[in-house]
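Data from model11.txt: compact mmCIF, C-alpha atoms
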```
# COMPACT_ATOMS: atom_id res chain seq x y z
CA GLN A 1390 11.88 -15.86 0.16
CA VAL A 1391 11.34 -12.83 2.38
CA HIS A 1392 8.70 -10.36 1.31
CA LEU A 1393 8.86 -6.77 2.57
CA VAL A 1394 6.10 -4.20 2.25
CA GLU A 1395 6.78 -0.58 3.11
CA SER A 1396 4.10 1.95 3.95
CA GLY A 1397 3.68 5.33 5.60
CA GLY A 1398 5.27 7.60 3.04
CA GLY A 1399 3.65 10.75 1.79
CA LEU A 1400 3.89 14.50 1.42
CA VAL A 1401 4.73 16.54 4.50
CA GLN A 1402 5.87 20.08 5.18
CA ALA A 1403 9.35 20.79 6.47
CA GLY A 1404 9.46 20.27 10.22
CA GLY A 1405 6.79 17.60 10.10
CA SER A 1406 6.89 13.91 10.93
CA LEU A 1407 6.19 10.60 9.27
CA ARG A 1408 6.44 7.01 10.44
CA LEU A 1409 7.41 4.40 7.91
CA SER A 1410 6.56 0.74 8.40
CA CYS A 1411 8.14 -2.35 6.88
CA ALA A 1412 6.08 -5.50 7.31
CA ALA A 1413 7.96 -8.73 6.70
CA SER A 1414 6.76 -12.19 5.76
CA GLY A 1415 8.72 -15.34 5.07
CA GLY A 1416 11.38 -14.36 7.59
CA SER A 1417 11.66 -12.93 11.09
CA VAL A 1418 12.88 -9.36 11.53
CA ARG A 1419 14.44 -10.28 14.86
CA ASP A 1420 16.75 -12.77 13.17
CA ALA A 1421 18.20 -10.34 10.65
CA THR A 1422 19.79 -6.95 10.41
CA MET A 1423 17.03 -4.68 9.23
CA ALA A 1424 17.75 -1.36 7.58
CA TRP A 1425 16.21 1.61 5.88
CA HIS A 1426 17.86 3.07 2.81
CA ARG A 1427 16.81 5.97 0.62
CA GLN A 1428 17.36 7.06 -2.93
CA ALA A 1429 16.81 10.58 -4.18
CA PRO A 1430 16.39 11.29 -7.91
CA GLY A 1431 19.69 10.96 -9.73
CA LYS A 1432 21.51 9.72 -6.66
CA GLN A 1433 22.62 6.36 -5.34
CA ARG A 1434 20.75 4.41 -2.72
CA ASP A 1435 22.23 5.16 0.70
CA LEU A 1436 21.87 3.70 4.14
CA VAL A 1437 19.77 5.76 6.56
CA ALA A 1438 19.50 3.55 9.64
CA ARG A 1439 19.79 -0.07 10.69
CA ILE A 1440 19.02 -2.28 13.65
CA SER A 1441 20.94 -5.44 14.38
CA ARG A 1442 19.73 -8.76 15.74
CA GLY A 1443 20.81 -7.54 19.15
CA ALA A 1444 18.82 -4.32 18.67
CA ASP A 1445 21.88 -2.12 18.29
CA THR A 1446 21.06 0.85 16.10
CA GLU A 1447 23.11 2.93 13.72
CA TYR A 1448 22.27 6.12 11.84
CA VAL A 1449 23.79 8.20 9.10
CA ASP A 1450 24.98 11.52 10.50
CA SER A 1451 22.41 13.58 8.60
CA VAL A 1452 19.47 11.94 10.43
CA LYS A 1453 20.92 11.47 13.92
CA GLY A 1454 18.65 12.96 16.54
CA ARG A 1455 15.73 13.16 14.09
CA PHE A 1456 15.08 9.57 12.96
CA THR A 1457 14.53 6.49 15.09
CA ILE A 1458 14.55 2.90 13.85
CA SER A 1459 12.68 0.31 15.89
CA ARG A 1460 11.42 -3.22 15.64
CA ASP A 1461 8.25 -4.98 16.77
CA ASN A 1462 9.00 -8.68 16.87
CA ALA A 1463 5.40 -9.66 17.54
CA GLU A 1464 4.22 -7.74 14.49
CA ASN A 1465 7.31 -8.74 12.49
CA THR A 1466 7.60 -5.12 11.46
CA VAL A 1467 10.34 -2.51 11.45
CA TYR A 1468 9.61 1.19 11.76
CA LEU A 1469 11.36 4.43 10.95
CA GLN A 1470 10.07 7.41 12.90
CA MET A 1471 11.12 10.56 11.10
CA ASN A 1472 10.84 13.90 12.88
CA SER A 1473 11.92 17.41 11.96
CA LEU A 1474 11.85 16.47 8.31
CA LYS A 1475 13.80 18.56 5.82
CA PRO A 1476 13.41 18.96 2.05
CA GLU A 1477 16.69 17.06 1.62
CA ASP A 1478 15.03 14.01 3.17
CA THR A 1479 12.90 13.71 0.04
CA ALA A 1480 13.53 10.28 -1.49
CA ILE A 1481 12.15 6.83 -2.00
CA TYR A 1482 12.71 4.89 1.22
CA TYR A 1483 13.46 1.18 0.99
CA CYS A 1484 13.44 -1.49 3.67
CA ARG A 1485 16.19 -4.10 3.59
CA TYR A 1486 16.44 -7.52 5.23
CA HIS A 1487 20.03 -8.71 5.59
CA LEU A 1488 20.96 -12.16 6.85
CA GLY A 1489 24.37 -13.69 6.09
CA VAL A 1490 24.95 -13.19 2.37
CA THR A 1491 21.26 -12.72 1.64
CA ASP A 1492 19.49 -9.44 1.03
CA PHE A 1493 15.84 -8.77 0.37
CA TRP A 1494 14.39 -5.39 -0.49
CA GLY A 1495 10.96 -3.88 -0.43
CA GLN A 1496 9.55 -1.89 -3.32
CA GLY A 1497 9.92 1.43 -1.54
CA THR A 1498 7.71 4.24 -0.33
CA GLN A 1499 7.96 7.85 -1.47
CA VAL A 1500 8.65 10.57 1.05
CA THR A 1501 8.36 14.15 -0.14
CA VAL A 1502 9.15 17.09 2.14
CA SER A 1503 8.06 20.50 0.96
CA SER A 1504 9.78 23.70 2.02
```
If you took the structure in this file and wrote it as structure tokens, what would it be?
Amino acid sequence: QVHLVESGGGLVQAGGSLRLSCAASGGSVRDATMAWHRQAPGKQRDLVARISRGADTEYVDSVKGRFTISRDNAENTVYLQMNSLKPEDTAIYYCRYHLGVTDFWGQGTQVTVSS
């Protein structure tokens, strides 16, 4: 059983920055595809960014150039650096651990961007 704990969310003004963290236990982040998803009120949960076992990264178009996903194998933690935040980035952000047919999710952290 992999346990994920997200942190780093909060309230920020448009144009500001936040760094989200996802600390994993029970599994190694370097052995899995790690991803950040987000879910705004009344909307489905969508992929934001992911990093593969080989450290290849992928981003949804709306965050390219503003968000950066990274991984610290020693800390067993994945990060999402979010810059130039916009009100439309407001959502609950979830960390996901994907390995084979197995998925584990964190409980999420709220990000609110005020205009």
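Separating CA of Arg1427 (chain A) from CA of His1487 (chain A) is a distance of 15.8 Å.
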- Task: Identify, on the basis of all atoms listed in the file, every residue whose closest approach to Val1437 (chain A) does not exceed 10 Å; exclude the query and any residue fewer than 2 positions from it along the same chain; express the result as a list in words.
- Result: Ala1424, Trp1425, His1426, Arg1427, Gln1428, Arg1434, Asp1435, Arg1439, Glu1447, Tyr1448, Val1449, Asp1450, Ser1451, Val1452, Lys1453, Phe1456, Ile1458, Leu1469, Tyr1482 and Tyr1483 of chain A
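Atom pair CA of Ile1440 (chain A) / CA of Lys1475 (chain A): separated by 22.9 Å.
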- Task: Rounded to one decimal place, report the CA of Thr1479 (chain A)-CA of Trp1494 (chain A) distance in Å.
- Result: 19.2 Å
- Task: Mind listing whatever residues come within 8 Å of the point (1.2, 18.2, -1.5)? Use all atoms listed in the file, file coordinates, and give them as a ChimeraX atom specification.
- Result: /A:1400-1401,1503
- Who sits within 6 Å of Ala1412 (chain A), only C-alpha atoms, same chain under 2 positions skipped, as a list of chain:residue names: A:Leu1393, A:Val1394, A:Thr1466
- Message: Counting only C-alpha atoms, which residue out of A:Ala1438, A:Ala1413, A:Met1423, A:Ala1403 sits closest to Tyr1486 (chain A)?
- Response: A:Met1423
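Near (11.4, 1.6, 16.8), the residues inside the 6 Å limit, counting only C-alpha atoms, come to Ile1458, Ser1459, Arg1460 and Tyr1468 of chain A.
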With C-alpha atoms retained, write the just-selected residues as a tab-separated table (two decimals), in the frame of the given file.
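So the final result, stored in part_22.tsv, reads:
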```tsv
chain	number	residue	atom	x	y	z
A	1458	ILE	CA	14.55	2.90	13.85
A	1459	SER	CA	12.68	0.31	15.89
A	1460	ARG	CA	11.42	-3.22	15.64
A	1468	TYR	CA	9.61	1.19	11.76
```
- Long-range neighbours of Val1502 (chain A) as number ranges by chain, 12 Å cut-off, only C-alpha atoms, 4 positions minimum in chain: A: 1398-1407, 1429, 1471-1481
With all atoms of region 1394-1401 of chain A from the file as input, state the centre and edge lengths in Å to one decimal of the axis-aligned box that has 4 Å extra on each side, as JSON.
```
{"center_x": 5.2, "center_y": 6.2, "center_z": 3.5, "size_x": 11.1, "size_y": 28.7, "size_z": 12.2}
```
- Query: Of the candidates A:Gln1470, A:Cys1484, A:Val1418, A:Asn1465, which shows the shortest atom-to-atom distance to Gly1497 (chain A), using all atoms listed in the file?
  - Reply: A:Cys1484
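Of the residues listed (A:Lys1432, A:Arg1408, A:His1392, A:Arg1442), A:His1392 shows the shortest atom-to-atom separation from Arg1485 (chain A); distances use only C-alpha atoms.
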